[in-house]
file final.txt (compact mmCIF, C-alpha atoms)
# COMPACT_ATOMS: atom_id res chain seq x y z
CA MET A 1 0.00 0.00 0.00
CA SER A 2 1.65 3.20 -1.20
CA LYS A 3 -0.39 5.73 0.77
CA LYS A 4 -0.65 5.79 4.53
CA ILE A 5 -3.53 4.00 6.27
CA ARG A 6 -5.83 6.65 7.72
CA VAL A 7 -7.05 5.67 11.19
CA LEU A 8 -9.70 7.18 13.47
CA ILE A 9 -9.42 6.26 17.17
CA VAL A 10 -12.61 6.02 19.26
CA ASP A 11 -12.18 5.71 23.04
CA ASP A 12 -13.78 7.52 25.96
CA GLN A 13 -10.51 7.79 27.93
CA ALA A 14 -8.22 10.66 26.92
CA VAL A 15 -5.09 8.86 28.13
CA ILE A 16 -5.90 5.81 25.95
CA ARG A 17 -6.56 8.02 22.93
CA LYS A 18 -3.16 9.63 23.45
CA ILE A 19 -1.34 6.29 23.89
CA LEU A 20 -2.98 4.77 20.82
CA SER A 21 -2.41 7.87 18.73
CA GLU A 22 1.29 8.05 19.55
CA GLY A 23 1.77 4.28 19.26
CA LEU A 24 0.10 4.04 15.87
CA SER A 25 1.74 7.17 14.50
CA ALA A 26 5.13 5.59 15.19
CA ASP A 27 4.48 3.32 12.21
CA PRO A 28 5.34 5.10 8.92
CA MET A 29 2.49 3.28 7.17
CA ILE A 30 -0.19 4.62 9.55
CA GLU A 31 -1.63 8.12 9.91
CA VAL A 32 -3.98 8.89 12.81
CA VAL A 33 -6.36 11.39 11.25
CA ASP A 34 -8.25 12.16 14.47
CA THR A 35 -9.70 10.78 17.71
CA ALA A 36 -13.20 10.75 19.18
CA PRO A 37 -14.35 10.30 22.80
CA ASN A 38 -17.66 8.63 21.95
CA PRO A 39 -19.61 7.10 19.05
CA TYR A 40 -21.72 10.22 18.47
CA ILE A 41 -18.70 12.37 17.73
CA ALA A 42 -17.07 9.47 15.87
CA ARG A 43 -20.05 9.19 13.52
CA ASP A 44 -19.64 12.75 12.27
CA LYS A 45 -15.87 12.39 11.93
CA ILE A 46 -16.24 9.16 9.94
CA VAL A 47 -18.49 10.89 7.41
CA PHE A 48 -16.21 13.92 7.16
CA LEU A 49 -12.75 12.28 7.29
CA LYS A 50 -13.54 8.93 5.61
CA PRO A 51 -10.82 6.97 7.47
CA ASP A 52 -9.58 3.63 6.16
CA VAL A 53 -9.80 1.90 9.55
CA LEU A 54 -11.53 2.57 12.85
CA THR A 55 -10.26 1.47 16.27
CA LEU A 56 -13.21 1.19 18.64
CA ASP A 57 -13.35 0.80 22.40
CA VAL A 58 -15.70 -1.94 23.59
CA GLU A 59 -17.04 -0.46 26.82
CA MET A 60 -18.07 3.21 26.55
CA PRO A 61 -20.77 5.37 28.17
CA MET A 62 -23.87 6.40 26.22
CA MET A 63 -23.33 3.72 23.57
CA ASN A 64 -21.01 0.72 23.70
CA GLY A 65 -19.01 -0.62 20.78
CA ILE A 66 -21.48 -3.31 19.72
CA GLU A 67 -24.43 -0.90 19.63
CA PHE A 68 -22.40 1.53 17.54
CA LEU A 69 -21.32 -1.20 15.12
CA LYS A 70 -24.91 -2.34 14.58
CA LYS A 71 -25.83 1.19 13.55
CA LEU A 72 -22.64 1.95 11.61
CA MET A 73 -21.97 -1.09 9.41
CA PRO A 74 -25.26 -1.20 7.41
CA GLN A 75 -24.93 2.51 6.59
CA PHE A 76 -21.19 3.18 6.42
CA PRO A 77 -19.20 -0.10 6.40
CA ILE A 78 -15.60 0.43 7.46
CA PRO A 79 -12.96 -2.01 8.74
CA VAL A 80 -13.08 -1.91 12.54
CA ILE A 81 -10.60 -3.21 15.11
CA MET A 82 -12.07 -3.49 18.61
CA VAL A 83 -9.90 -2.48 21.57
CA SER A 84 -11.24 -4.78 24.25
CA SER A 85 -11.07 -4.74 28.03
CA LEU A 86 -10.24 -7.95 29.87
CA THR A 87 -13.43 -7.88 31.94
CA ARG A 88 -15.99 -10.64 31.48
CA GLN A 89 -18.43 -8.13 29.98
CA GLY A 90 -15.70 -6.76 27.72
CA LYS A 91 -14.92 -10.22 26.36
CA ALA A 92 -18.59 -11.01 25.73
CA THR A 93 -19.15 -7.69 23.97
CA THR A 94 -16.07 -8.33 21.83
CA MET A 95 -17.58 -11.62 20.61
CA ASP A 96 -20.79 -9.76 19.74
CA ALA A 97 -18.76 -7.09 17.94
CA LEU A 98 -17.08 -9.69 15.73
CA LYS A 99 -20.52 -11.02 14.87
CA ALA A 100 -21.68 -7.47 14.10
CA GLY A 101 -18.91 -6.80 11.57
CA ALA A 102 -15.65 -6.00 13.38
CA VAL A 103 -12.63 -7.43 11.54
CA ASP A 104 -10.58 -8.24 14.64
CA PHE A 105 -9.71 -7.10 18.15
CA VAL A 106 -6.82 -6.47 20.52
CA ALA A 107 -6.95 -6.84 24.28
CA LYS A 108 -6.03 -3.85 26.43
CA PRO A 109 -2.76 -4.47 28.31
CA ASP A 110 -2.83 -6.15 31.71
CA GLY A 111 -0.14 -3.91 33.21
CA THR A 112 2.77 -6.34 32.98
CA ASP A 113 6.11 -5.21 31.56
CA GLY A 114 5.98 -4.88 27.80
CA SER A 115 2.24 -5.55 27.56
CA MET A 116 1.46 -2.07 26.24
CA GLU A 117 4.06 -2.22 23.49
CA GLN A 118 2.93 -5.73 22.57
CA MET A 119 -0.66 -4.52 22.31
CA LEU A 120 0.39 -1.60 20.11
CA GLU A 121 2.42 -3.89 17.85
CA ASP A 122 -0.55 -6.26 17.51
CA LEU A 123 -2.83 -3.31 16.75
CA ARG A 124 -0.48 -1.93 14.09
CA GLN A 125 -0.36 -5.30 12.33
CA LYS A 126 -4.10 -5.82 12.51
CA ILE A 127 -4.78 -2.33 11.17
CA LYS A 128 -2.68 -3.18 8.10
CA VAL A 129 -4.74 -6.31 7.54
CA ALA A 130 -8.02 -4.51 8.15
CA ALA A 131 -7.11 -1.78 5.64
CA VAL A 132 -7.22 -4.29 2.76
CA THR A 133 -10.29 -6.16 4.04
CA ASP A 134 -13.50 -5.86 2.03
CA VAL A 135 -16.40 -5.12 4.39
CA SER A 136 -18.80 -3.89 1.71
CA LYS A 137 -21.08 -6.91 2.29
CA TRP A 138 -22.33 -5.16 5.45
CA LEU A 139 -23.85 -2.30 3.44
CA HIS A 140 -27.66 -2.35 3.90
CA SER A 141 -27.32 -5.61 5.82
CA ARG A 142 -29.35 -6.58 8.82
CA GLN A 143 -27.88 -8.39 11.81
CA GLN A 144 -28.30 -12.15 11.54
CA HIS A 145 -30.32 -13.88 14.21
CA TYR A 146 -29.65 -17.58 14.14
CA ALA A 147 -32.17 -20.15 15.16
CA VAL A 148 -30.84 -23.43 16.48
CA PRO A 149 -31.33 -25.99 13.68
CA GLN A 150 -33.84 -28.71 14.32
CA GLN A 151 -32.60 -32.02 15.64
CA VAL A 152 -31.97 -34.51 12.84
CA SER A 153 -31.16 -38.20 12.68
CA THR A 154 -27.43 -38.57 13.30
CA GLY A 155 -26.62 -42.26 13.23
CA SER A 156 -25.30 -42.09 9.67
CA TYR A 157 -22.82 -39.40 10.75
CA ILE A 158 -21.62 -41.11 13.94
CA HIS A 159 -20.83 -44.32 12.10
CA GLY A 160 -19.40 -42.71 8.98
CA ALA A 161 -15.83 -42.69 7.68
CA ILE A 162 -14.81 -39.51 9.56
CA LYS A 163 -14.24 -39.79 13.31
CA LEU A 164 -12.50 -36.46 13.99
CA ILE A 165 -12.66 -32.97 12.51
CA ALA A 166 -9.74 -30.57 13.09
CA VAL A 167 -10.29 -26.87 12.35
CA GLY A 168 -7.86 -23.96 12.24
CA ALA A 169 -8.69 -20.26 11.85
CA SER A 170 -7.47 -16.76 12.58
CA THR A 171 -8.72 -13.32 11.46
CA GLY A 172 -12.40 -13.64 10.53
CA GLY A 173 -12.54 -17.19 11.81
CA THR A 174 -14.82 -16.67 14.78
CA GLN A 175 -17.74 -15.73 12.56
CA ALA A 176 -16.83 -18.18 9.79
CA PHE A 177 -16.80 -21.14 12.18
CA ARG A 178 -20.05 -19.96 13.79
CA ASP A 179 -21.68 -19.84 10.33
CA ILE A 180 -20.60 -23.42 9.62
CA LEU A 181 -21.93 -24.75 12.93
CA HIS A 182 -25.37 -23.30 12.33
CA HIS A 183 -25.73 -25.57 9.29
CA LEU A 184 -24.58 -28.84 10.87
CA PRO A 185 -26.54 -31.53 12.77
CA PRO A 186 -25.78 -32.02 16.48
CA GLN A 187 -24.08 -35.40 16.42
CA ILE A 188 -21.35 -35.02 13.81
CA PRO A 189 -17.88 -36.32 14.75
CA GLY A 190 -16.04 -34.52 17.52
CA MET A 191 -14.27 -31.30 16.57
CA VAL A 192 -11.01 -29.82 17.84
CA VAL A 193 -10.49 -26.15 17.01
CA VAL A 194 -7.59 -23.72 17.12
CA GLN A 195 -8.75 -20.12 16.76
CA HIS A 196 -6.05 -17.50 17.29
CA MET A 197 -7.21 -15.66 20.41
CA PRO A 198 -5.63 -14.39 23.63
CA PRO A 199 -6.27 -16.02 27.03
CA GLY A 200 -9.79 -15.61 28.40
CA PHE A 201 -11.41 -14.80 25.08
CA THR A 202 -11.38 -18.46 24.00
CA ALA A 203 -13.49 -19.39 27.03
CA THR A 204 -15.98 -16.62 26.19
CA TYR A 205 -16.08 -17.72 22.55
CA ALA A 206 -16.69 -21.34 23.54
CA ARG A 207 -19.44 -20.33 25.97
CA THR A 208 -21.10 -18.20 23.28
CA LEU A 209 -21.13 -21.08 20.78
CA ASP A 210 -22.39 -23.49 23.44
CA GLU A 211 -25.32 -21.19 24.20
CA GLU A 212 -26.37 -20.46 20.62
CA THR A 213 -25.90 -23.91 19.03
CA HIS A 214 -26.96 -27.44 19.89
CA PHE A 215 -23.34 -28.60 20.30
CA ASP A 216 -21.47 -29.25 23.52
CA VAL A 217 -18.81 -26.53 23.13
CA LYS A 218 -16.14 -25.90 25.75
CA GLU A 219 -12.66 -24.50 26.17
CA ALA A 220 -10.52 -27.63 26.07
CA GLU A 221 -8.97 -29.08 29.22
CA ASN A 222 -6.19 -31.63 29.41
CA GLY A 223 -7.56 -35.13 28.86
CA ASP A 224 -10.91 -34.12 27.35
CA MET A 225 -12.35 -36.86 25.15
CA ILE A 226 -13.12 -36.19 21.49
CA VAL A 227 -16.66 -37.51 21.04
CA PRO A 228 -19.55 -36.89 18.59
CA GLY A 229 -21.37 -33.64 19.19
CA ARG A 230 -18.56 -32.08 21.25
CA ILE A 231 -16.41 -29.16 20.13
CA LEU A 232 -13.17 -28.44 21.99
CA ILE A 233 -11.65 -24.95 21.59
CA ALA A 234 -7.91 -24.60 22.30
CA PRO A 235 -7.38 -22.22 25.25
CA GLY A 236 -5.55 -18.98 24.57
CA ASP A 237 -1.77 -19.14 25.16
CA PHE A 238 -1.78 -22.96 25.18
CA HIS A 239 -1.13 -25.44 22.40
CA LEU A 240 -3.59 -28.27 21.80
CA SER A 241 -2.66 -31.68 20.42
CA VAL A 242 -4.56 -34.91 19.77
CA LYS A 243 -3.41 -38.14 21.40
CA LYS A 244 -4.64 -41.70 20.93
CA TYR A 245 -5.60 -43.63 24.08
CA GLY A 246 -6.65 -47.17 23.19
CA ALA A 247 -9.58 -46.83 20.80
CA ASP A 248 -10.25 -43.24 21.84
CA TYR A 249 -8.74 -39.85 21.16
CA LYS A 250 -8.13 -37.18 23.79
CA VAL A 251 -6.60 -33.72 23.79
CA ASN A 252 -3.39 -32.65 25.42
CA ILE A 253 -3.03 -29.01 26.56
CA PHE A 254 0.51 -27.72 27.05
CA THR A 255 2.76 -24.68 26.93
CA TYR A 256 5.68 -24.55 24.53
CA GLU A 257 7.29 -21.89 22.38
CA LYS A 258 5.11 -20.19 19.80
CA VAL A 259 4.84 -21.87 16.40
CA GLN A 260 4.35 -19.63 13.34
CA GLY A 261 4.16 -16.83 15.90
CA HIS A 262 1.12 -18.32 17.61
CA ARG A 263 0.11 -20.16 20.75
CA PRO A 264 -2.19 -21.98 20.22
CA SER A 265 -0.92 -22.96 16.78
CA VAL A 266 -2.93 -24.67 14.06
CA ASP A 267 0.21 -26.44 12.85
CA VAL A 268 0.64 -28.05 16.27
CA LEU A 269 -2.94 -29.36 16.15
CA PHE A 270 -2.73 -30.62 12.57
CA ASP A 271 0.70 -32.20 13.11
CA SER A 272 -0.61 -34.09 16.13
CA VAL A 273 -3.58 -35.46 14.17
CA ALA A 274 -1.21 -36.77 11.50
CA GLU A 275 1.18 -38.25 14.06
CA SER A 276 -1.56 -39.80 16.23
CA GLY A 277 -2.66 -42.19 13.51
CA ALA A 278 -6.06 -40.47 13.27
CA SER A 279 -5.57 -39.05 9.78
CA ALA A 280 -7.21 -41.95 7.95
CA THR A 281 -10.48 -41.06 9.64
CA ALA A 282 -9.94 -37.30 10.01
CA LEU A 283 -11.05 -34.19 8.17
CA GLY A 284 -8.85 -31.08 8.30
CA ILE A 285 -10.34 -27.62 7.64
CA LEU A 286 -8.38 -24.37 7.32
CA LEU A 287 -10.42 -21.18 7.44
CA THR A 288 -9.69 -17.50 6.93
CA GLY A 289 -6.62 -16.01 8.61
CA MET A 290 -3.43 -14.02 8.19
CA GLY A 291 -0.08 -15.76 7.76
CA ALA A 292 0.76 -19.41 7.15
CA ASP A 293 -0.13 -21.21 10.38
CA GLY A 294 -1.78 -24.54 9.64
CA ALA A 295 -0.71 -24.83 5.99
CA ARG A 296 2.23 -27.14 6.60
CA GLY A 297 0.27 -29.16 9.16
CA LEU A 298 -2.65 -29.58 6.78
CA LEU A 299 -0.26 -30.95 4.16
CA LYS A 300 1.06 -33.40 6.73
CA MET A 301 -2.51 -34.52 7.50
CA LYS A 302 -3.25 -35.01 3.81
CA GLN A 303 -0.09 -37.01 3.27
CA ALA A 304 -1.12 -39.21 6.19
CA GLY A 305 -4.50 -39.94 4.58
CA ALA A 306 -6.83 -37.20 5.84
CA LYS A 307 -9.40 -35.34 3.77
CA THR A 308 -8.70 -31.60 3.64
CA ILE A 309 -10.68 -28.43 2.92
CA GLY A 310 -9.56 -24.80 2.58
CA GLN A 311 -11.75 -21.71 2.50
CA ASN A 312 -11.76 -19.81 -0.78
CA GLU A 313 -10.53 -16.27 -1.33
CA GLU A 314 -13.93 -14.72 -2.02
CA THR A 315 -15.39 -15.59 1.39
CA SER A 316 -12.22 -15.22 3.48
CA VAL A 317 -11.76 -12.05 5.51
CA VAL A 318 -8.02 -12.58 5.02
CA TYR A 319 -6.90 -15.06 2.37
CA GLY A 320 -3.60 -15.97 3.99
CA MET A 321 -3.54 -19.33 5.76
CA PRO A 322 -5.82 -21.18 3.31
CA LYS A 323 -3.98 -19.68 0.33
CA VAL A 324 -0.61 -20.93 1.56
CA ALA A 325 -2.15 -24.36 2.14
CA ARG A 326 -3.60 -24.36 -1.37
CA ASP A 327 -0.25 -23.34 -2.87
CA LEU A 328 1.48 -26.17 -0.97
CA GLY A 329 -0.95 -28.71 -2.42
CA ALA A 330 -2.40 -29.40 1.03
CA VAL A 331 -6.06 -28.82 0.10
CA ASP A 332 -8.35 -31.38 -1.54
CA GLN A 333 -11.20 -28.89 -1.89
CA VAL A 334 -11.27 -25.09 -2.02
CA LEU A 335 -14.75 -24.07 -0.92
CA ALA A 336 -16.84 -21.01 -0.20
CA LEU A 337 -18.04 -20.67 3.37
CA SER A 338 -21.59 -21.60 2.34
CA GLU A 339 -20.29 -24.87 0.86
CA MET A 340 -18.43 -25.97 3.99
CA ALA A 341 -21.28 -27.58 5.95
CA PRO A 342 -22.59 -29.65 3.00
CA ALA A 343 -19.04 -30.84 2.27
CA ILE A 344 -18.50 -31.81 5.91
CA LEU A 345 -21.72 -33.82 5.91
CA LYS A 346 -20.79 -35.54 2.66
CA HIS A 347 -17.43 -36.61 4.10
CA CYS A 348 -19.08 -37.83 7.31
CA ARG A 349 -21.72 -40.00 5.70

call {"tool": "encode", "arguments": {"input": "final.txt", "output": "structure tokens"}}
result
Amino acid sequence: MSKKIRVLIVDDQAVIRKILSEGLSADPMIEVVDTAPNPYIARDKIVFLKPDVLTLDVEMPMMNGIEFLKKLMPQFPIPVIMVSSLTRQGKATTMDALKAGAVDFVAKPDGTDGSMEQMLEDLRQKIKVAAVTDVSKWLHSRQQHYAVPQQVSTGSYIHGAIKLIAVGASTGGTQAFRDILHHLPPQIPGMVVVQHMPPGFTATYARTLDEETHFDVKEAENGDMIVPGRILIAPGDFHLSVKKYGADYKVNIFTYEKVQGHRPSVDVLFDSVAESGASATALGILLTGMGADGARGLLKMKQAGAKTIGQNEETSVVYGMPKVARDLGAVDQVLALSEMAPAILKHCR
């Protein structure tokens, strides 16, 4: 991108606006065009300044981030990065914001040494991704309200060829995976999922999916069994691997150095599926995300006998991870998001 990325910062705290403004302006590719203390002032500045990206606080007086997004995106879609607090309410609102059209989020620092600079570095990188993200689909859109699908006969899925489904995702993946789940029956093979998220937010994400779907969704704990109808989400800042125990498969949660810059890492999950002997009855799915995490692991799964699917460019928020996997020859099928659930069912029958 030749020109600078124009950013508008929205936060009710003056000290945060100052920190973000100075931190973002330190990057030669970013220009902070202005700041706003609340959504009402931000609305007018968006229309007048036409920024490329908006950073938006989650918890604000008068109108919180999710309420503002629901009003903004159908009228003036713009790439938005949420700046989230670590409170329980902040995490829940962040999940709602992603559903309402936010591209991604960063967590406000916890006060430890280096946490502020790490947050600013994450925000700078995510702003660069958001700047090239197409959010025009939100124009004139209405918020989706999902109904839990009706219970269907599941015996043909439980006893099918696929016994385990491994899923990896990053930017845009929270909504993509949610969309897939809302088109699947309740007793498909057990799923293990790595979604790039910081600690705490994975638990909130799992709880949200558990409440709005008919699946048993939880943040994975060491030794959890992989069984039909259960979805295990890798906890933030921990790797997740699959291990074989007799005729069953369980998950192992552990800390180790970051892989592809991430913990949890999709490559770690996919590698473990290939090495556990589960690949012959496994399905690997790589969804939208920045970078290359999961591409090499998906190839390893395919070489070990697994079926593999990658999301296509048109429906990916960021066509990074699935593109690298496709280029490596790791993907059997390149599919639009709407084609994912039918393909999963076909493999599981």

call {"tool": "atom_distance", "arguments": {"input": "final.txt", "atom1": "CA of Thr255 (chain A)", "atom2": "CA of Leu232 (chain A)"}}
result
17.1 Å

call {"tool": "closest_residue", "arguments": {"input": "final.txt", "among": "A:Leu164, A:Gly246, A:Val251, A:Thr204", "to": "Ala220 (chain A)", "atoms": "only C-alpha atoms"}}
result
A:Val251

call {"tool": "residues_near_point", "arguments": {"input": "final.txt", "point": "(-10.2, -29.8, 25.9)", "cutoff": "8 Å", "atoms": "all atoms listed in the file", "output": "PyMOL selection string"}}
result
chain A and resi 218-225+232-234+240+250-253

call {"tool": "atom_distance", "arguments": {"input": "final.txt", "atom1": "CA of Thr171 (chain A)", "atom2": "CA of Val318 (chain A)"}}
result
6.5 Å

call {"tool": "closest_residue", "arguments": {"input": "final.txt", "among": "A:Ala176, A:Val132, A:Ala341, A:Ile46", "to": "Leu98 (chain A)", "atoms": "all atoms listed in the file"}}
result
A:Ala176

call {"tool": "closest_atom_pairs", "arguments": {"input": "final.txt", "of": "region 100-128 of chain A", "to": "region 11-17 of chain A", "cutoff": "12 Å", "atoms": "only C-alpha atoms", "output": "tab-separated table"}}
result
residue	atom	partner	partner_atom	distance
A:Lys108	CA	A:Ile16	CA	9.7
A:Pro109	CA	A:Ile16	CA	11.0
A:Met116	CA	A:Ile16	CA	10.8
A:Leu120	CA	A:Ile16	CA	11.3

call {"tool": "residues_near_point", "arguments": {"input": "final.txt", "point": "(-23.7, -33.3, 13.7)", "cutoff": "8 Å", "atoms": "only C-alpha atoms", "output": "mmCIF file with C-alpha atoms, in the frame of the given file"}}
result
data_model
loop_
_atom_site.group_PDB
_atom_site.id
_atom_site.type_symbol
_atom_site.label_atom_id
_atom_site.label_comp_id
_atom_site.auth_asym_id
_atom_site.auth_seq_id
_atom_site.Cartn_x
_atom_site.Cartn_y
_atom_site.Cartn_z
ATOM 1 C CA THR A 154 -27.430 -38.570 13.300
ATOM 2 C CA TYR A 157 -22.820 -39.400 10.750
ATOM 3 C CA LEU A 184 -24.580 -28.840 10.870
ATOM 4 C CA PRO A 185 -26.540 -31.530 12.770
ATOM 5 C CA PRO A 186 -25.780 -32.020 16.480
ATOM 6 C CA GLN A 187 -24.080 -35.400 16.420
ATOM 7 C CA ILE A 188 -21.350 -35.020 13.810
ATOM 8 C CA PRO A 189 -17.880 -36.320 14.750
ATOM 9 C CA PRO A 228 -19.550 -36.890 18.590
ATOM 10 C CA GLY A 229 -21.370 -33.640 19.190
#

call {"tool": "closest_residue", "arguments": {"input": "final.txt", "among": "A:Ile165, A:Val135, A:Leu86, A:Leu49", "to": "Leu72 (chain A)", "atoms": "only C-alpha atoms"}}
result
A:Val135

call {"tool": "atom_distance", "arguments": {"input": "final.txt", "atom1": "CA of Phe215 (chain A)", "atom2": "CA of Arg296 (chain A)"}}
result
29.0 Å

call {"tool": "residues_around", "arguments": {"input": "final.txt", "residues": "region 25-41 of chain A", "least_positions_apart": "6", "cutoff": "6 Å", "atoms": "all atoms listed in the file", "output": "list in words"}}
result
Lys4, Ile5, Arg6, Val7, Leu8, Ile9, Val10, Asp11 and Asp12 of chain A
